[in-house]
Amino acid sequence: MHIRRTAVWGAGPTLLWRTALTALLLCGIGLLPWLSRTDPALTVLKARSAEREPTPEVLAAVRAELGLDAGPLRLLGRWLGGLADGDAGRSWISGADVLPAVTRATGASLLLMGGALVVAVTVAGALCARTLRAGARRKPHGHRSRGGAALLAALPEFLTASVLATVVGVHLGWLPALGWYGPRWIVLPALALGLPAGALLGRLLDDLLPGAYAEPWARSATARGLPGRRIAYQALRRSVPGLLPNLGLFVVGLTGGAVAVEQIFDIPGLGRTTLQAALAQDLPVLQTGTLALLLLAAVTGGAARLAARLLTGPALRDGALPTLHRPAPTAPGRALPALFYAAVLLAVIACGLPRDPLALDTSDRLQPPSWAHPFGTDALGRDLLARIAHGAFDTLALALAISATALLTGVLLGLLPRFSGPLVDTVNALPPVLVALLVTAVAGSGPWTPALAVAAVAWAPLAAHTAALLHQERATTHVLATRALGAGRRHVLRRTLLPAVVPAVTRHALLRLPAVALALAALGFLGLGSQPPSPEWGLLLAENQPYAERAPWAVLTPAAVLAVVGALAVTATSLRRPRRDPGA
């Protein structure tokens, strides 16, 4: 009863904090045109008709029509007042009612999210199948390097979408490549979104399963002769609660963060709608779309936490959980795959650095790989090997710095779940492109704008993972015994909780290193990242993507190097991964 009263008492401040964050975000979006120091009347006029002359009279008419002279706060108050009556206003661009348009966009995004989630769960299950079978049979299983998981996780969503649309949709004609008219139109974008998400989820789940099989209940179940399928099911039930918060983040991210995929497949989803509204400064549509994403994030996050409690059962309340994180020596030979991928990456950089990444030769445009140009050339005749090698420092150094910052921030905020929980849901609900636009409005446009935008959201999954693992680790028997022996909170945190949680979150951060690089690449693809002639990898993919059909090597070589980085990240996590024998 005391625990229930504490939960109810803690829910009030959490709800107030969540409401305050939503209000601050909506106010910031309402101030976006004024923060960016642009004339919203001019932006709206260009979005309505780019050919119309922006004379002072025309701009004054637009300001009077939209009520811009009243100021942002009065506009926000008017929108909130209408929203309370079920009216989100009219679009500043089209003049159509906002609420029906956002509702249709939300429905399209939810359908796409459902399809992508099916793909992600299928991929995650396939990646964990070997561990599940080995654990159910009580056989030792040394984990091989997860090259397939690395490749899938490192695939840029926009590149996967472009290849699927071109090859499967256009050349083969198996599935439609553009539009949104029925179930057949869901398959290709769902694959583009679900493959990398499933690879990451599968790797995280595969990291927890051996610990579940090493617990006493698993050995007792085997001794009693229970079927292997039943043991595998219980191992999944034991491991999934630690990942449910991240699964909830994936669900919201697949809804609002699919901007590039929605652009490629011409899907009228919520992410694309908010992006177009942000670019046109269509505040009613932008505010309503953002509010829909925040509500979805709150509902999904609450459902994920509730499901984690239900799956864990009374053991979470009674402090009777065994730990999933037990230190063990590293298996011999585990470093070989990581060394191989590191050697490949270093060889590519070493061979490309002596070459000039800016040298133009229009007579060698889009040349295939050869001895003179091992990776081929781009549309301007520049050597791709040189550009990839010189761009590695910018891309990887920036991704490493962002990942380290995200890890530190995520662990620190994960220690304060009541504070960070609503903040994680709010940050994760925002499409990275919208965050980039907000950062640009506040900090100005510059080479560091994409890094600031990615860093502003990269910590959220790590904080959710830290909070979920800490919540379970605090309910373990050894923590309960340590406290019973008189250990203080600081001692338990420093000597017991953090050593159990930080290695798993660090591995998670390493797994997300390619995702950070891909986030920078996605911003470059949408025109918000590095600018030419920079050899940054995201810009390379964006520049060469239009030539994917004519010169596939122009996009496949940067994507392959990204895959090598992903494989290096996955195998590097195995170096510190405990090897547990289920039969021990």
# chains A, B, ... in the order shown; residues from 1 in each chain; ligands from 1
>>> closest_atom_pairs(of="region 168-228 of chain A", to="region 552-574 of chain A", cutoff="12 Å", atoms="only C-alpha atoms", output="Markdown table")
| residue | atom | partner | partner_atom | distance |
| --- | --- | --- | --- | --- |
| A:Pro196 | CA | A:Gly566 | CA | 10.9 |
| A:Ala199 | CA | A:Val570 | CA | 10.6 |
| A:Leu200 | CA | A:Val570 | CA | 9.6 |
| A:Gly202 | CA | A:Val570 | CA | 11.7 |
| A:Arg203 | CA | A:Val570 | CA | 8.3 |
| A:Leu204 | CA | A:Val570 | CA | 10.3 |
| A:Asp206 | CA | A:Ser574 | CA | 11.1 |
| A:Asp207 | CA | A:Ser574 | CA | 9.0 |
>>> write_last_selection(atoms="N, CA and C atoms", output="PDB file, in the first residue's frame")
ATOM      1  N   PRO A 196      16.805  -1.278 -40.076  1.00  0.00           N
ATOM      2  CA  PRO A 196      17.817  -0.812 -39.113  1.00  0.00           C
ATOM      3  C   PRO A 196      17.317  -0.801 -37.677  1.00  0.00           C
ATOM      4  N   ALA A 199      17.488  -4.344 -36.341  1.00  0.00           N
ATOM      5  CA  ALA A 199      18.867  -4.777 -36.101  1.00  0.00           C
ATOM      6  C   ALA A 199      19.375  -4.269 -34.753  1.00  0.00           C
ATOM      7  N   LEU A 200      19.086  -3.024 -34.438  1.00  0.00           N
ATOM      8  CA  LEU A 200      19.547  -2.468 -33.162  1.00  0.00           C
ATOM      9  C   LEU A 200      18.811  -3.100 -31.991  1.00  0.00           C
ATOM     10  N   GLY A 202      17.403  -6.051 -31.921  1.00  0.00           N
ATOM     11  CA  GLY A 202      17.840  -7.433 -31.800  1.00  0.00           C
ATOM     12  C   GLY A 202      19.187  -7.555 -31.120  1.00  0.00           C
ATOM     13  N   ARG A 203      20.091  -6.633 -31.421  1.00  0.00           N
ATOM     14  CA  ARG A 203      21.417  -6.687 -30.784  1.00  0.00           C
ATOM     15  C   ARG A 203      21.318  -6.396 -29.291  1.00  0.00           C
ATOM     16  N   LEU A 204      20.475  -5.439 -28.903  1.00  0.00           N
ATOM     17  CA  LEU A 204      20.318  -5.138 -27.481  1.00  0.00           C
ATOM     18  C   LEU A 204      19.664  -6.302 -26.737  1.00  0.00           C
ATOM     19  N   ASP A 206      19.749  -9.474 -27.665  1.00  0.00           N
ATOM     20  CA  ASP A 206      20.717 -10.565 -27.667  1.00  0.00           C
ATOM     21  C   ASP A 206      21.782 -10.367 -26.603  1.00  0.00           C
ATOM     22  N   ASP A 207      21.985  -9.144 -26.183  1.00  0.00           N
ATOM     23  CA  ASP A 207      22.948  -8.836 -25.136  1.00  0.00           C
ATOM     24  C   ASP A 207      22.432  -9.229 -23.755  1.00  0.00           C
TER      25      ASP A 207
END
>>> select_by_dssp(residues="region 11-237 of chain A", states="alpha helix (DSSP H)", output="PyMOL selection string")
chain A and resi 11-30+32-35+40-48+56-66+72-84+98-136+147-154+157-163+187-213+216-223+228-237
>>> residues_around(residues="Tyr181 (chain A)", least_positions_apart="3", cutoff="12 Å", atoms="only C-alpha atoms", output="list in words")
Ala108, Leu111, Pro176, Ala177, Leu178, Arg184, Trp185, Ile186, Val187, Phe265, Asp266, Ile267 and Pro268 of chain A
>>> write_last_selection(atoms="C-alpha atoms", output="compact mmCIF listing (two decimals), in the first residue's frame")
# COMPACT_ATOMS: atom_id res chain seq x y z
CA ALA A 108 -0.88 7.44 -42.32
CA LEU A 111 -0.07 2.65 -40.38
CA PRO A 176 4.47 0.58 -55.92
CA ALA A 177 7.20 3.11 -55.22
CA LEU A 178 5.24 6.35 -54.81
CA ARG A 184 0.78 -2.59 -51.00
CA TRP A 185 2.16 0.94 -50.67
CA ILE A 186 3.22 0.24 -47.06
CA VAL A 187 5.69 -2.58 -47.75
CA PHE A 265 7.90 7.57 -51.11
CA ASP A 266 5.61 10.63 -51.19
CA ILE A 267 3.75 9.57 -48.04
CA PRO A 268 1.51 12.23 -46.44
>>> closest_residue(among="A:Ala304, A:Leu380, A:Cys27, A:Leu195", to="Glu543 (chain A)", atoms="only C-alpha atoms")
A:Leu380
>>> atom_distance(atom1="CA of Leu438 (chain A)", atom2="CA of Gly289 (chain A)")
15.2 Å
>>> residues_around(residues="Leu452 (chain A)", least_positions_apart="5", cutoff="9 Å", atoms="only C-alpha atoms", output="PyMOL selection string")
chain A and resi 402+436+439+457
>>> atom_distance(atom1="CA of Leu205 (chain A)", atom2="CA of Thr106 (chain A)")
29.3 Å
>>> residues_around(residues="Leu132 (chain A)", least_positions_apart="2", cutoff="12 Å", atoms="only C-alpha atoms", output="mmCIF file with all heavy atoms, in the first residue's frame")
data_model
loop_
_atom_site.group_PDB
_atom_site.id
_atom_site.type_symbol
_atom_site.label_atom_id
_atom_site.label_comp_id
_atom_site.auth_asym_id
_atom_site.auth_seq_id
_atom_site.Cartn_x
_atom_site.Cartn_y
_atom_site.Cartn_z
ATOM 1 N N ALA A 124 14.535 -8.488 -35.340
ATOM 2 C CA ALA A 124 15.099 -8.702 -34.005
ATOM 3 C C ALA A 124 14.979 -10.163 -33.591
ATOM 4 O O ALA A 124 15.920 -10.740 -33.015
ATOM 5 C CB ALA A 124 14.390 -7.798 -32.996
ATOM 6 N N GLY A 125 13.838 -10.789 -33.886
ATOM 7 C CA GLY A 125 13.676 -12.201 -33.560
ATOM 8 C C GLY A 125 14.646 -13.091 -34.323
ATOM 9 O O GLY A 125 15.197 -14.056 -33.777
ATOM 10 N N ALA A 126 14.865 -12.762 -35.607
ATOM 11 C CA ALA A 126 15.801 -13.556 -36.403
ATOM 12 C C ALA A 126 17.226 -13.434 -35.866
ATOM 13 O O ALA A 126 17.982 -14.425 -35.834
ATOM 14 C CB ALA A 126 15.744 -13.104 -37.862
ATOM 15 N N LEU A 127 17.612 -12.243 -35.422
ATOM 16 C CA LEU A 127 18.962 -12.048 -34.898
ATOM 17 C C LEU A 127 19.164 -12.743 -33.554
ATOM 18 O O LEU A 127 20.288 -13.130 -33.220
ATOM 19 C CB LEU A 127 19.258 -10.555 -34.760
ATOM 20 C CG LEU A 127 19.361 -9.775 -36.069
ATOM 21 C CD1 LEU A 127 19.557 -8.293 -35.796
ATOM 22 C CD2 LEU A 127 20.512 -10.300 -36.919
ATOM 23 N N CYS A 128 18.092 -12.898 -32.779
ATOM 24 C CA CYS A 128 18.190 -13.543 -31.461
ATOM 25 C C CYS A 128 17.885 -15.035 -31.505
ATOM 26 O O CYS A 128 17.974 -15.700 -30.469
ATOM 27 C CB CYS A 128 17.219 -12.877 -30.477
ATOM 28 S SG CYS A 128 17.564 -11.151 -30.141
ATOM 29 N N ALA A 129 17.517 -15.561 -32.677
ATOM 30 C CA ALA A 129 17.063 -16.950 -32.759
ATOM 31 C C ALA A 129 18.153 -17.926 -32.308
ATOM 32 O O ALA A 129 17.873 -18.893 -31.585
ATOM 33 C CB ALA A 129 16.612 -17.260 -34.179
ATOM 34 N N ARG A 130 19.389 -17.678 -32.709
ATOM 35 C CA ARG A 130 20.467 -18.602 -32.360
ATOM 36 C C ARG A 130 20.697 -18.621 -30.853
ATOM 37 O O ARG A 130 20.892 -19.699 -30.255
ATOM 38 C CB ARG A 130 21.750 -18.204 -33.082
ATOM 39 C CG ARG A 130 22.920 -19.141 -32.827
ATOM 40 C CD ARG A 130 24.081 -18.810 -33.758
ATOM 41 N NE ARG A 130 25.224 -19.636 -33.455
ATOM 42 C CZ ARG A 130 26.208 -19.276 -32.640
ATOM 43 N NH1 ARG A 130 26.156 -18.098 -32.044
ATOM 44 N NH2 ARG A 130 27.224 -20.071 -32.416
ATOM 45 N N ALA A 134 20.143 -21.926 -28.489
ATOM 46 C CA ALA A 134 21.251 -22.454 -27.689
ATOM 47 C C ALA A 134 20.916 -22.437 -26.203
ATOM 48 O O ALA A 134 21.219 -23.384 -25.472
ATOM 49 C CB ALA A 134 22.513 -21.635 -27.953
ATOM 50 N N GLY A 135 20.278 -21.371 -25.747
ATOM 51 C CA GLY A 135 19.915 -21.310 -24.339
ATOM 52 C C GLY A 135 18.857 -22.323 -23.968
ATOM 53 O O GLY A 135 18.897 -22.924 -22.891
ATOM 54 N N ALA A 136 17.876 -22.522 -24.870
ATOM 55 C CA ALA A 136 16.826 -23.493 -24.578
ATOM 56 C C ALA A 136 17.373 -24.919 -24.521
ATOM 57 O O ALA A 136 16.878 -25.764 -23.765
ATOM 58 C CB ALA A 136 15.735 -23.395 -25.643
ATOM 59 N N ARG A 137 18.434 -25.204 -25.314
ATOM 60 C CA ARG A 137 19.037 -26.535 -25.302
ATOM 61 C C ARG A 137 20.110 -26.681 -24.237
ATOM 62 O O ARG A 137 20.733 -27.748 -24.123
ATOM 63 C CB ARG A 137 19.648 -26.830 -26.676
ATOM 64 C CG ARG A 137 18.608 -26.885 -27.795
ATOM 65 C CD ARG A 137 19.306 -26.957 -29.145
ATOM 66 N NE ARG A 137 18.343 -26.928 -30.242
ATOM 67 C CZ ARG A 137 18.675 -26.809 -31.526
ATOM 68 N NH1 ARG A 137 19.963 -26.712 -31.862
ATOM 69 N NH2 ARG A 137 17.750 -26.793 -32.451
ATOM 70 N N ARG A 138 20.371 -25.579 -23.490
ATOM 71 C CA ARG A 138 21.385 -25.571 -22.436
ATOM 72 C C ARG A 138 22.755 -25.907 -22.989
ATOM 73 O O ARG A 138 23.523 -26.680 -22.413
ATOM 74 C CB ARG A 138 21.028 -26.566 -21.318
ATOM 75 C CG ARG A 138 19.613 -26.451 -20.817
ATOM 76 C CD ARG A 138 19.320 -25.075 -20.282
ATOM 77 N NE ARG A 138 20.171 -24.759 -19.150
ATOM 78 C CZ ARG A 138 20.373 -23.527 -18.680
ATOM 79 N NH1 ARG A 138 19.810 -22.503 -19.277
ATOM 80 N NH2 ARG A 138 21.133 -23.321 -17.640
ATOM 81 N N LYS A 139 23.057 -25.370 -24.159
ATOM 82 C CA LYS A 139 24.357 -25.578 -24.768
ATOM 83 C C LYS A 139 25.139 -24.279 -24.756
ATOM 84 O O LYS A 139 24.568 -23.211 -24.976
ATOM 85 C CB LYS A 139 24.213 -26.060 -26.221
ATOM 86 C CG LYS A 139 23.582 -27.441 -26.339
ATOM 87 C CD LYS A 139 23.487 -27.850 -27.793
ATOM 88 C CE LYS A 139 22.867 -29.241 -27.928
ATOM 89 N NZ LYS A 139 22.756 -29.640 -29.350
ATOM 90 N N PRO A 140 26.446 -24.321 -24.524
ATOM 91 C CA PRO A 140 27.247 -23.086 -24.601
ATOM 92 C C PRO A 140 27.155 -22.503 -25.997
ATOM 93 O O PRO A 140 27.122 -23.220 -26.997
ATOM 94 C CB PRO A 140 28.676 -23.559 -24.283
ATOM 95 C CG PRO A 140 28.507 -24.876 -23.598
ATOM 96 C CD PRO A 140 27.253 -25.491 -24.160
ATOM 97 N N HIS A 141 27.120 -21.198 -26.058
ATOM 98 C CA HIS A 141 27.017 -20.545 -27.362
ATOM 99 C C HIS A 141 27.939 -19.346 -27.389
ATOM 100 O O HIS A 141 27.674 -18.329 -26.782
ATOM 101 C CB HIS A 141 25.581 -20.097 -27.649
ATOM 102 C CG HIS A 141 24.992 -19.280 -26.562
ATOM 103 N ND1 HIS A 141 24.583 -19.816 -25.369
ATOM 104 C CD2 HIS A 141 24.752 -17.949 -26.488
ATOM 105 C CE1 HIS A 141 24.092 -18.870 -24.594
ATOM 106 N NE2 HIS A 141 24.190 -17.728 -25.240
ATOM 107 N N HIS A 143 29.212 -16.210 -29.125
ATOM 108 C CA HIS A 143 28.577 -15.313 -30.087
ATOM 109 C C HIS A 143 29.563 -14.917 -31.168
ATOM 110 O O HIS A 143 30.637 -14.390 -30.893
ATOM 111 C CB HIS A 143 28.064 -14.055 -29.369
ATOM 112 C CG HIS A 143 26.887 -14.340 -28.517
ATOM 113 N ND1 HIS A 143 25.598 -14.234 -28.964
ATOM 114 C CD2 HIS A 143 26.807 -14.747 -27.235
ATOM 115 C CE1 HIS A 143 24.758 -14.546 -27.992
ATOM 116 N NE2 HIS A 143 25.480 -14.863 -26.939
ATOM 117 N N GLY A 202 17.403 -6.051 -31.921
ATOM 118 C CA GLY A 202 17.840 -7.433 -31.800
ATOM 119 C C GLY A 202 19.187 -7.555 -31.120
ATOM 120 O O GLY A 202 19.409 -8.469 -30.304
ATOM 121 N N LEU A 205 18.663 -6.923 -27.360
ATOM 122 C CA LEU A 205 18.014 -8.066 -26.721
ATOM 123 C C LEU A 205 18.964 -9.255 -26.633
ATOM 124 O O LEU A 205 19.005 -9.963 -25.612
ATOM 125 C CB LEU A 205 16.757 -8.443 -27.515
ATOM 126 C CG LEU A 205 15.939 -9.624 -26.983
ATOM 127 C CD1 LEU A 205 15.468 -9.357 -25.559
ATOM 128 C CD2 LEU A 205 14.752 -9.897 -27.894
ATOM 129 N N ASP A 206 19.749 -9.474 -27.665
ATOM 130 C CA ASP A 206 20.717 -10.565 -27.667
ATOM 131 C C ASP A 206 21.782 -10.367 -26.603
ATOM 132 O O ASP A 206 22.413 -11.334 -26.155
ATOM 133 C CB ASP A 206 21.364 -10.653 -29.052
ATOM 134 C CG ASP A 206 22.103 -11.967 -29.262
ATOM 135 O OD1 ASP A 206 21.456 -13.017 -29.102
ATOM 136 O OD2 ASP A 206 23.301 -11.929 -29.570
ATOM 137 N N ASP A 207 21.985 -9.144 -26.183
ATOM 138 C CA ASP A 207 22.948 -8.836 -25.136
ATOM 139 C C ASP A 207 22.432 -9.229 -23.755
ATOM 140 O O ASP A 207 23.217 -9.490 -22.844
ATOM 141 C CB ASP A 207 23.261 -7.340 -25.171
ATOM 142 C CG ASP A 207 24.466 -6.988 -24.325
ATOM 143 O OD1 ASP A 207 25.522 -7.619 -24.501
ATOM 144 O OD2 ASP A 207 24.351 -6.077 -23.487
ATOM 145 N N LEU A 208 21.106 -9.286 -23.583
ATOM 146 C CA LEU A 208 20.512 -9.585 -22.281
ATOM 147 C C LEU A 208 20.127 -11.054 -22.109
ATOM 148 O O LEU A 208 20.052 -11.544 -20.981
ATOM 149 C CB LEU A 208 19.263 -8.715 -22.067
ATOM 150 C CG LEU A 208 19.485 -7.211 -21.918
ATOM 151 C CD1 LEU A 208 18.151 -6.490 -21.836
ATOM 152 C CD2 LEU A 208 20.324 -6.904 -20.689
ATOM 153 N N LEU A 209 19.855 -11.750 -23.203
ATOM 154 C CA LEU A 209 19.354 -13.121 -23.098
ATOM 155 C C LEU A 209 20.305 -14.069 -22.366
ATOM 156 O O LEU A 209 19.846 -14.882 -21.545
ATOM 157 C CB LEU A 209 19.044 -13.658 -24.498
ATOM 158 C CG LEU A 209 17.727 -13.167 -25.107
ATOM 159 C CD1 LEU A 209 17.632 -13.609 -26.561
ATOM 160 C CD2 LEU A 209 16.544 -13.703 -24.313
ATOM 161 N N PRO A 210 21.633 -14.045 -22.625
ATOM 162 C CA PRO A 210 22.501 -14.977 -21.890
ATOM 163 C C PRO A 210 22.424 -14.793 -20.381
ATOM 164 O O PRO A 210 22.526 -15.776 -19.636
ATOM 165 C CB PRO A 210 23.898 -14.653 -22.429
ATOM 166 C CG PRO A 210 23.658 -14.081 -23.779
ATOM 167 C CD PRO A 210 22.383 -13.304 -23.658
ATOM 168 N N GLY A 211 22.264 -13.560 -19.915
ATOM 169 C CA GLY A 211 22.119 -13.334 -18.482
ATOM 170 C C GLY A 211 20.862 -13.967 -17.929
ATOM 171 O O GLY A 211 20.849 -14.493 -16.807
ATOM 172 N N ALA A 212 19.761 -13.921 -18.699
ATOM 173 C CA ALA A 212 18.515 -14.558 -18.251
ATOM 174 C C ALA A 212 18.675 -16.073 -18.176
ATOM 175 O O ALA A 212 18.187 -16.719 -17.236
ATOM 176 C CB ALA A 212 17.377 -14.188 -19.199
ATOM 177 N N TYR A 213 19.360 -16.668 -19.167
ATOM 178 C CA TYR A 213 19.562 -18.114 -19.149
ATOM 179 C C TYR A 213 20.496 -18.566 -18.024
ATOM 180 O O TYR A 213 20.458 -19.733 -17.625
ATOM 181 C CB TYR A 213 20.139 -18.572 -20.494
ATOM 182 C CG TYR A 213 19.113 -18.698 -21.575
ATOM 183 C CD1 TYR A 213 19.255 -18.015 -22.781
ATOM 184 C CD2 TYR A 213 18.002 -19.516 -21.416
ATOM 185 C CE1 TYR A 213 18.315 -18.132 -23.790
ATOM 186 C CE2 TYR A 213 17.052 -19.636 -22.418
ATOM 187 C CZ TYR A 213 17.212 -18.938 -23.602
ATOM 188 O OH TYR A 213 16.278 -19.064 -24.591
ATOM 189 N N GLY A 228 12.110 -26.751 -23.975
ATOM 190 C CA GLY A 228 12.997 -25.638 -24.291
ATOM 191 C C GLY A 228 12.251 -24.410 -24.732
ATOM 192 O O GLY A 228 12.674 -23.282 -24.455
ATOM 193 N N ARG A 229 11.131 -24.580 -25.464
ATOM 194 C CA ARG A 229 10.360 -23.420 -25.900
ATOM 195 C C ARG A 229 9.830 -22.622 -24.718
ATOM 196 O O ARG A 229 9.804 -21.396 -24.756
ATOM 197 C CB ARG A 229 9.200 -23.873 -26.782
ATOM 198 C CG ARG A 229 9.612 -24.399 -28.146
ATOM 199 C CD ARG A 229 8.414 -24.728 -28.987
ATOM 200 N NE ARG A 229 8.793 -25.202 -30.301
ATOM 201 C CZ ARG A 229 7.928 -25.569 -31.243
ATOM 202 N NH1 ARG A 229 6.624 -25.510 -30.976
ATOM 203 N NH2 ARG A 229 8.356 -25.988 -32.414
ATOM 204 N N ARG A 230 9.405 -23.322 -23.686
ATOM 205 C CA ARG A 230 8.877 -22.627 -22.506
ATOM 206 C C ARG A 230 9.979 -21.858 -21.791
ATOM 207 O O ARG A 230 9.774 -20.734 -21.317
ATOM 208 C CB ARG A 230 8.233 -23.640 -21.567
ATOM 209 C CG ARG A 230 7.446 -23.018 -20.435
ATOM 210 C CD ARG A 230 6.663 -24.068 -19.692
ATOM 211 N NE ARG A 230 5.939 -23.484 -18.566
ATOM 212 C CZ ARG A 230 5.208 -24.195 -17.702
ATOM 213 N NH1 ARG A 230 5.098 -25.500 -17.875
ATOM 214 N NH2 ARG A 230 4.590 -23.592 -16.706
ATOM 215 N N ILE A 231 11.164 -22.465 -21.709
ATOM 216 C CA ILE A 231 12.297 -21.764 -21.086
ATOM 217 C C ILE A 231 12.677 -20.533 -21.899
ATOM 218 O O ILE A 231 12.962 -19.462 -21.350
ATOM 219 C CB ILE A 231 13.493 -22.734 -20.941
ATOM 220 C CG1 ILE A 231 13.126 -23.913 -20.038
ATOM 221 C CG2 ILE A 231 14.714 -21.997 -20.392
ATOM 222 C CD1 ILE A 231 14.207 -24.982 -19.961
ATOM 223 N N ALA A 232 12.682 -20.684 -23.245
ATOM 224 C CA ALA A 232 13.007 -19.539 -24.103
ATOM 225 C C ALA A 232 11.981 -18.425 -23.931
ATOM 226 O O ALA A 232 12.343 -17.236 -23.901
ATOM 227 C CB ALA A 232 13.067 -19.994 -25.556
ATOM 228 N N TYR A 233 10.705 -18.778 -23.815
ATOM 229 C CA TYR A 233 9.670 -17.768 -23.610
ATOM 230 C C TYR A 233 9.895 -17.004 -22.310
ATOM 231 O O TYR A 233 9.784 -15.770 -22.268
ATOM 232 C CB TYR A 233 8.297 -18.437 -23.614
ATOM 233 C CG TYR A 233 7.183 -17.532 -23.151
ATOM 234 C CD1 TYR A 233 6.670 -16.541 -23.992
ATOM 235 C CD2 TYR A 233 6.651 -17.646 -21.871
ATOM 236 C CE1 TYR A 233 5.658 -15.699 -23.560
ATOM 237 C CE2 TYR A 233 5.642 -16.809 -21.433
ATOM 238 C CZ TYR A 233 5.138 -15.838 -22.278
ATOM 239 O OH TYR A 233 4.141 -15.000 -21.843
ATOM 240 N N GLN A 234 10.214 -17.742 -21.248
ATOM 241 C CA GLN A 234 10.448 -17.082 -19.970
ATOM 242 C C GLN A 234 11.717 -16.221 -20.006
ATOM 243 O O GLN A 234 11.774 -15.168 -19.359
ATOM 244 C CB GLN A 234 10.554 -18.124 -18.846
ATOM 245 C CG GLN A 234 9.259 -18.874 -18.575
ATOM 246 C CD GLN A 234 8.137 -17.951 -18.126
ATOM 247 O OE1 GLN A 234 8.376 -16.902 -17.503
ATOM 248 N NE2 GLN A 234 6.906 -18.336 -18.426
ATOM 249 N N ALA A 235 12.730 -16.659 -20.763
ATOM 250 C CA ALA A 235 13.941 -15.839 -20.902
ATOM 251 C C ALA A 235 13.619 -14.541 -21.622
ATOM 252 O O ALA A 235 14.125 -13.466 -21.267
ATOM 253 C CB ALA A 235 15.023 -16.619 -21.645
ATOM 254 N N LEU A 236 12.786 -14.625 -22.664
ATOM 255 C CA LEU A 236 12.344 -13.403 -23.341
ATOM 256 C C LEU A 236 11.578 -12.500 -22.392
ATOM 257 O O LEU A 236 11.784 -11.281 -22.367
ATOM 258 C CB LEU A 236 11.467 -13.766 -24.540
ATOM 259 C CG LEU A 236 12.167 -14.106 -25.848
ATOM 260 C CD1 LEU A 236 11.143 -14.537 -26.882
ATOM 261 C CD2 LEU A 236 12.962 -12.915 -26.356
ATOM 262 N N SER A 239 13.951 -10.687 -20.198
ATOM 263 C CA SER A 239 14.864 -9.722 -20.816
ATOM 264 C C SER A 239 14.157 -8.523 -21.421
ATOM 265 O O SER A 239 14.722 -7.427 -21.458
ATOM 266 C CB SER A 239 15.683 -10.423 -21.913
ATOM 267 O OG SER A 239 16.391 -11.519 -21.402
ATOM 268 N N PRO A 582 25.099 -20.902 -20.162
ATOM 269 C CA PRO A 582 23.839 -21.232 -19.571
ATOM 270 C C PRO A 582 23.886 -22.458 -18.690
ATOM 271 O O PRO A 582 23.062 -22.612 -17.794
ATOM 272 C CB PRO A 582 22.922 -21.462 -20.787
ATOM 273 C CG PRO A 582 23.585 -20.759 -21.903
ATOM 274 C CD PRO A 582 25.018 -20.839 -21.641
#
>>> residues_around(residues="region 74-91 of chain A", least_positions_apart="4", cutoff="10 Å", atoms="only C-alpha atoms", output="JSON, numbers by chain")
{"A": [26, 27, 29, 30, 31, 66, 67, 68, 69, 70, 95, 96, 97, 98, 99, 100, 101, 102, 277, 282, 283, 284, 285, 286, 287, 288]}
